[in-house]
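What follows is a short report on a single structure.
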Amino acid sequence: CEIFYMKDFFPKGVAWVNSEFVDISEAHIPILDWGFLRSDATYDVVHVWKGRFFLLDKHIDRFFMSSKKLKMPCEISRHKLKKILAGCVKQSGLENAYVEMIQTRGMSPTFDRDPRKSNPRFIAFAVPFGWILKPEDIEIGLDAAVTKIKRIPPNSVDPTIKNYHWLDLVSGMFEAYDRGHQTGILVDEKNNILEGPGFNIFSLNKNVLMTPKKGVLQGITRGAVIDIAKELRLPVKLESISIKKLMSSSEIFATSTAGGIMPITKIDGKKIGLGNFGETTRKLYKIYWEKHFDLDWSLSVEEILK
């Protein structure tokens with residue numbers, strides 16, 4: 001019979017667990033960790049492109065903010081955290097990488113139910129860069145469905161804290177798949193557009209960019225687009241977007257660390273605008289990738305490890 005090894009089931013990668021670097025296939029946490037049992041954890045994902053971290057400090061800022069809001073502030077210094085993340089990339093041998101930092105609630109020595117008695121656990125890893133929309137499909141764009149699934153309300157789970165409460169997002173993905181679409185977009189209780197699984201939404205209407213103000217993760221790529229739009233003197237409004245307003249957009253795109261700026265050319269099977277990779281989206285896309293080599297926006301792995 002054919003023999004399979006554990007490494008055969010994992011992508012190339014390296015993790016930092018229990019204060020040491022290990023192959024991604026050897027990284028694990030105890031089954032009693034509250035991060036696993038209760039999704040009591042926060043995380044952030046930064047990417048490395050051509051050997052350079054993109055907007056690393058902004059991702060670390062959000063990670064520190066999230067862990068503090070969850071009453072388990074990260075005790076690793078910014079300097080050491082950068083070294084760990086860069087070490088994962090360096091030891092993995094990856095030039096383009098998806099790099100994740102995680103902090104779980106951990107567990108108490110006696111498995112006490114009181115979260116205040118738990119010892120937080122820090123983990124990091126680097127694996128090959130992943131795409132929501134592959135570069136070869138950028139001209140086609142994404143075909144999304146506005147789902148009936150409501151996003152978890154912000155008065156229940158703060159969406160500005162990056163978290164693993166993804167069951168609503170996963171349910172939205174399955175609804176979209178069942179209807180023949182690539183991905184889903186979730187709405188709030190008033191049926192205003194919010195976000196998709198791992199991405200924010202932008203709508204272009206009458207040469208004004210709009211993106212939801214509330215109820216969404218304040219994505220780092222979302223912020224990058226807003227900054228680039230300012231450079232281009234393209235107006236941006238943070239406001240609620242109804243389904244009707246979304247459907248009347250001339251262009252729609254998604255933003256995520258996993259792929260950057262991605263045109264959404266169809267919603268519920270209907271073409272948006274001309275149904276192509278729009279001119280404004282294309283301009284933002286081009287500048288976004290150029291920024292990956294801008295010293296004010298990026299930092300090399302080698303520089304961190306000096």
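Identifiers for the structure tokens are assigned positionally: chains receive A, B, ... in sequence, residues are indexed from 1 per chain, and ligands are indexed from 1 in the order shown.
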
task: Pick out each residue of stretch 261-296 of chain A that DSSP on the backbone tags as strand (DSSP E); I need them as a PyMOL selection string.
output: chain A and resi 261-267+270-271

Contacts between stretch 101-110 of chain A and stretch 123-234 of chain A, please, where a residue of stretch 123-234 of chain A counts if it comes within 12 Å (with only C-alpha atoms); show its shortest atom pair and distance in Å to one decimal, rows by chain and ascending number, as a tab-separated table.
```
residue	atom	partner	partner_atom	distance
A:Ile123	CA	A:Ile102	CA	5.1
A:Ala124	CA	A:Met101	CA	4.4
A:Phe125	CA	A:Met101	CA	6.8
A:Ala126	CA	A:Met101	CA	9.1
A:Val127	CA	A:Met101	CA	12.0
A:Lys162	CA	A:Ile102	CA	10.1
A:Asn163	CA	A:Ile102	CA	9.7
A:Tyr164	CA	A:Ile102	CA	10.4
```

- request: Give me the residues within 10 Å of A:Val99 as an NGL selection string, counting only C-alpha atoms and dropping any in the same chain fewer than 5 places off.
  value: :A and (13-15 or 44-48 or 53 or 85-86 or 88-89 or 124-129)

- prompt: Quick one: of A:Leu133, A:Ile152, A:Leu284, A:Ala27, who's nearest to A:Glu189, counting only C-alpha atoms?
  reply: A:Ile152

message: For a quick check of understanding, using only C-alpha atoms, which of A:Lys237, A:Arg282, A:Lys214, A:Lys12 has the smallest distance to A:Tyr98?
response: A:Lys12

- prompt: Could you work out how far atom CA of A:Ser250 lies from atom CA of A:Ser203, giving the answer in Å with one decimal?
  reply: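 Computing it gives 7.7 Å between the two atoms.
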
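With only C-alpha atoms as the atoms that count, the residue of A:Asp268, A:Gln91, A:Ile201, A:Lys69 with the shortest distance to A:Tyr177 is A:Asp268.
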
- prompt: If you count only C-alpha atoms, which residues fall within 7 Å of stretch 183-186 of chain A, apart from same-chain ones fewer than 2 positions away, as a PyMOL selection string?
  reply: chain A and resi 143-147+149-151+172-173+176-177+181+193-196

message: as a ChimeraX atom specification, please: the residues near A:Leu238 (cut-off 7 Å, only C-alpha atoms, same-chain neighbours under 3 positions excluded).
response: /A:210-213

field: atom CA of A:Ser248 to atom CA of A:Lys190, straight-line distance in Å
entry: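 About the pair atom CA of A:Lys190 and atom CA of A:Ser248: they are 18.2 Å apart.
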
task: From stretch 81-259 of chain A, collect each residue whose DSSP state is helix (DSSP H, G or I) and return the set as a count of residues only.
output: 47

- request: Could you jot down the atom CA of A:Ile228 to atom CA of A:Tyr285 separation for me, Å, one decimal place?
  value: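 Going from atom CA of A:Ile228 over to atom CA of A:Tyr285, I get 9.8 Å.
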
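Shortest atom-to-atom contact with A:Glu290 among A:Ser92, A:Lys58, A:Lys50, A:Ala97: A:Lys50, counting only C-alpha atoms.
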
query: Looking at only C-alpha atoms, which of A:Gly35, A:Gly278, A:Pro235, A:Gly215 is the one that sits closest to A:Ser156?
result: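 Ranking A:Gly35, A:Gly278, A:Pro235, A:Gly215 by distance to A:Ser156, first place goes to A:Gly215.
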